[in-house]
Every structure is written in structure tokens, then in C-alpha cells.
Amino acid sequence: MKTTKEIKNFLKEMGLTVRGNTGTGKSKWQSFHVPSDIIPISQLQVMKFSLPEFPVEFRKLCIRTVYPDSETLYSQDTAGNVGKYSIAMLPHQWEHVMAVWPLKFIA
């Protein structure tokens, strides 16, 4: 199981500053989100900044990993626990995505 710190470092290499945690329940869900306080509210309002999002192709890979039997979701870029600003997956799903991402989508 990847630690929260390892996943945060992986996402940081993608250019994202995130906050995350690992749940204390039996399945140990690991969730990460782009915090809204990384850009002050005054700048969001005045300069029309928007929060950085998880890359679309990365989200689609996460959707394929979380919902492998749901081809109807493959055309979407958000579904269930995979959103623009937050992603929650089980540990083995994070490990799969982290192993496949650099090989499949080199920027």
C-alpha cells in the first residue's frame, strides 16, 4: 500500500499541490483534493483564477481503474469518487494508476 506521502509526492511531480488522507476503515480509502486555500479568495475574485484540476487523461485513467466494467463511463472525465478537484480510490487502485500513468501518458 502506498502511503499518503508517496501519493502526494507523485501528484506533486504532476504539478499538483494536494492534501490527502487515508481512511481508518477496513478498506483504507485514500483521498486527495486540491485545497481551495492555495489561491487566496481575493485573487480568485479579482484575477479570475481557477483552482488547478487533476489532468483530464489522469482522471479518465482513474475512472477506468475504479470502474473497469463500465464502458459508458469511459467517455466522461468525472464519475463517482473521481472529480476535477478530488479523487478517492482504494490503495490497490492508486498503485495501479501510479504504475501505469508515466508509461501510458508521457507529457
# chains A, B, ... in the order shown; residues from 1 in each chain; ligands from 1
>>> select_by_dssp(residues="region 8-105 of chain A", states="strand (DSSP E)", output="ChimeraX atom specification")
/A:19-22,30-33,86-89
>>> select_by_dssp(residues="chain A", states="helix (DSSP H, G or I)", output="PyMOL selection string")
chain A and resi 4-13+36-38+41-46+56-66+71-73+91-104
>>> write_last_selection(atoms="C-alpha atoms", output="PDB file, in the first residue's frame")
ATOM      1  CA  THR A   4      -0.264   9.259   1.678  1.00  0.00           C
ATOM      2  CA  LYS A   5       3.134  10.953   1.400  1.00  0.00           C
ATOM      3  CA  GLU A   6       4.149   8.794  -1.585  1.00  0.00           C
ATOM      4  CA  ILE A   7       0.917   9.604  -3.426  1.00  0.00           C
ATOM      5  CA  LYS A   8       1.238  13.312  -2.610  1.00  0.00           C
ATOM      6  CA  ASN A   9       4.791  13.296  -3.999  1.00  0.00           C
ATOM      7  CA  PHE A  10       3.577  11.512  -7.136  1.00  0.00           C
ATOM      8  CA  LEU A  11       0.856  14.140  -7.637  1.00  0.00           C
ATOM      9  CA  LYS A  12       3.348  16.929  -6.908  1.00  0.00           C
ATOM     10  CA  GLU A  13       5.510  15.646  -9.778  1.00  0.00           C
ATOM     11  CA  SER A  36      -9.135  25.917  -2.189  1.00  0.00           C
ATOM     12  CA  ASP A  37      -6.837  27.965   0.030  1.00  0.00           C
ATOM     13  CA  ILE A  38      -3.795  27.616  -2.238  1.00  0.00           C
ATOM     14  CA  ILE A  41     -10.096  34.226  -2.299  1.00  0.00           C
ATOM     15  CA  SER A  42      -9.250  37.839  -3.192  1.00  0.00           C
ATOM     16  CA  GLN A  43      -7.147  36.651  -6.148  1.00  0.00           C
ATOM     17  CA  LEU A  44      -9.826  34.192  -7.228  1.00  0.00           C
ATOM     18  CA  GLN A  45     -12.360  37.005  -7.359  1.00  0.00           C
ATOM     19  CA  VAL A  46     -10.199  39.811  -8.764  1.00  0.00           C
ATOM     20  CA  VAL A  56      -8.332  15.014 -17.757  1.00  0.00           C
ATOM     21  CA  GLU A  57      -6.364  11.997 -19.018  1.00  0.00           C
ATOM     22  CA  PHE A  58      -5.330  11.151 -15.454  1.00  0.00           C
ATOM     23  CA  ARG A  59      -8.968  11.298 -14.311  1.00  0.00           C
ATOM     24  CA  LYS A  60     -10.005   9.063 -17.211  1.00  0.00           C
ATOM     25  CA  LEU A  61      -7.328   6.538 -16.230  1.00  0.00           C
ATOM     26  CA  CYS A  62      -8.648   6.621 -12.659  1.00  0.00           C
ATOM     27  CA  ILE A  63     -12.212   6.049 -13.922  1.00  0.00           C
ATOM     28  CA  ARG A  64     -11.051   3.047 -15.989  1.00  0.00           C
ATOM     29  CA  THR A  65      -9.296   1.690 -12.898  1.00  0.00           C
ATOM     30  CA  VAL A  66     -12.190   2.213 -10.487  1.00  0.00           C
ATOM     31  CA  GLU A  71     -17.647   1.329 -20.564  1.00  0.00           C
ATOM     32  CA  THR A  72     -20.345   4.002 -20.531  1.00  0.00           C
ATOM     33  CA  LEU A  73     -18.240   5.988 -18.036  1.00  0.00           C
ATOM     34  CA  PRO A  91      -4.898   1.507  -2.180  1.00  0.00           C
ATOM     35  CA  HIS A  92      -4.547  -1.117  -4.929  1.00  0.00           C
ATOM     36  CA  GLN A  93      -6.203   1.279  -7.397  1.00  0.00           C
ATOM     37  CA  TRP A  94      -3.725   4.058  -6.549  1.00  0.00           C
ATOM     38  CA  GLU A  95      -0.865   1.610  -7.016  1.00  0.00           C
ATOM     39  CA  HIS A  96      -2.177   0.599 -10.442  1.00  0.00           C
ATOM     40  CA  VAL A  97      -2.660   4.202 -11.587  1.00  0.00           C
ATOM     41  CA  MET A  98       0.778   5.229 -10.333  1.00  0.00           C
ATOM     42  CA  ALA A  99       2.382   2.285 -12.134  1.00  0.00           C
ATOM     43  CA  VAL A 100       0.577   2.857 -15.437  1.00  0.00           C
ATOM     44  CA  TRP A 101       0.455   6.677 -15.644  1.00  0.00           C
ATOM     45  CA  PRO A 102       4.034   7.506 -16.619  1.00  0.00           C
ATOM     46  CA  LEU A 103       4.211   4.650 -19.100  1.00  0.00           C
ATOM     47  CA  LYS A 104       0.903   5.399 -20.804  1.00  0.00           C
TER      48      LYS A 104
END
>>> atom_distance(atom1="CA of Glu53 (chain A)", atom2="CA of Asn81 (chain A)")
14.3 Å
>>> atom_distance(atom1="CA of Thr3 (chain A)", atom2="CA of Lys84 (chain A)")
22.0 Å
>>> residues_around(residues="Phe54 (chain A)", least_positions_apart="5", cutoff="10 Å", atoms="only C-alpha atoms", output="PyMOL selection string")
chain A and resi 11+14-16+18+33-34+59+82-87
>>> atom_distance(atom1="CA of Ser27 (chain A)", atom2="CA of Leu90 (chain A)")
6.9 Å
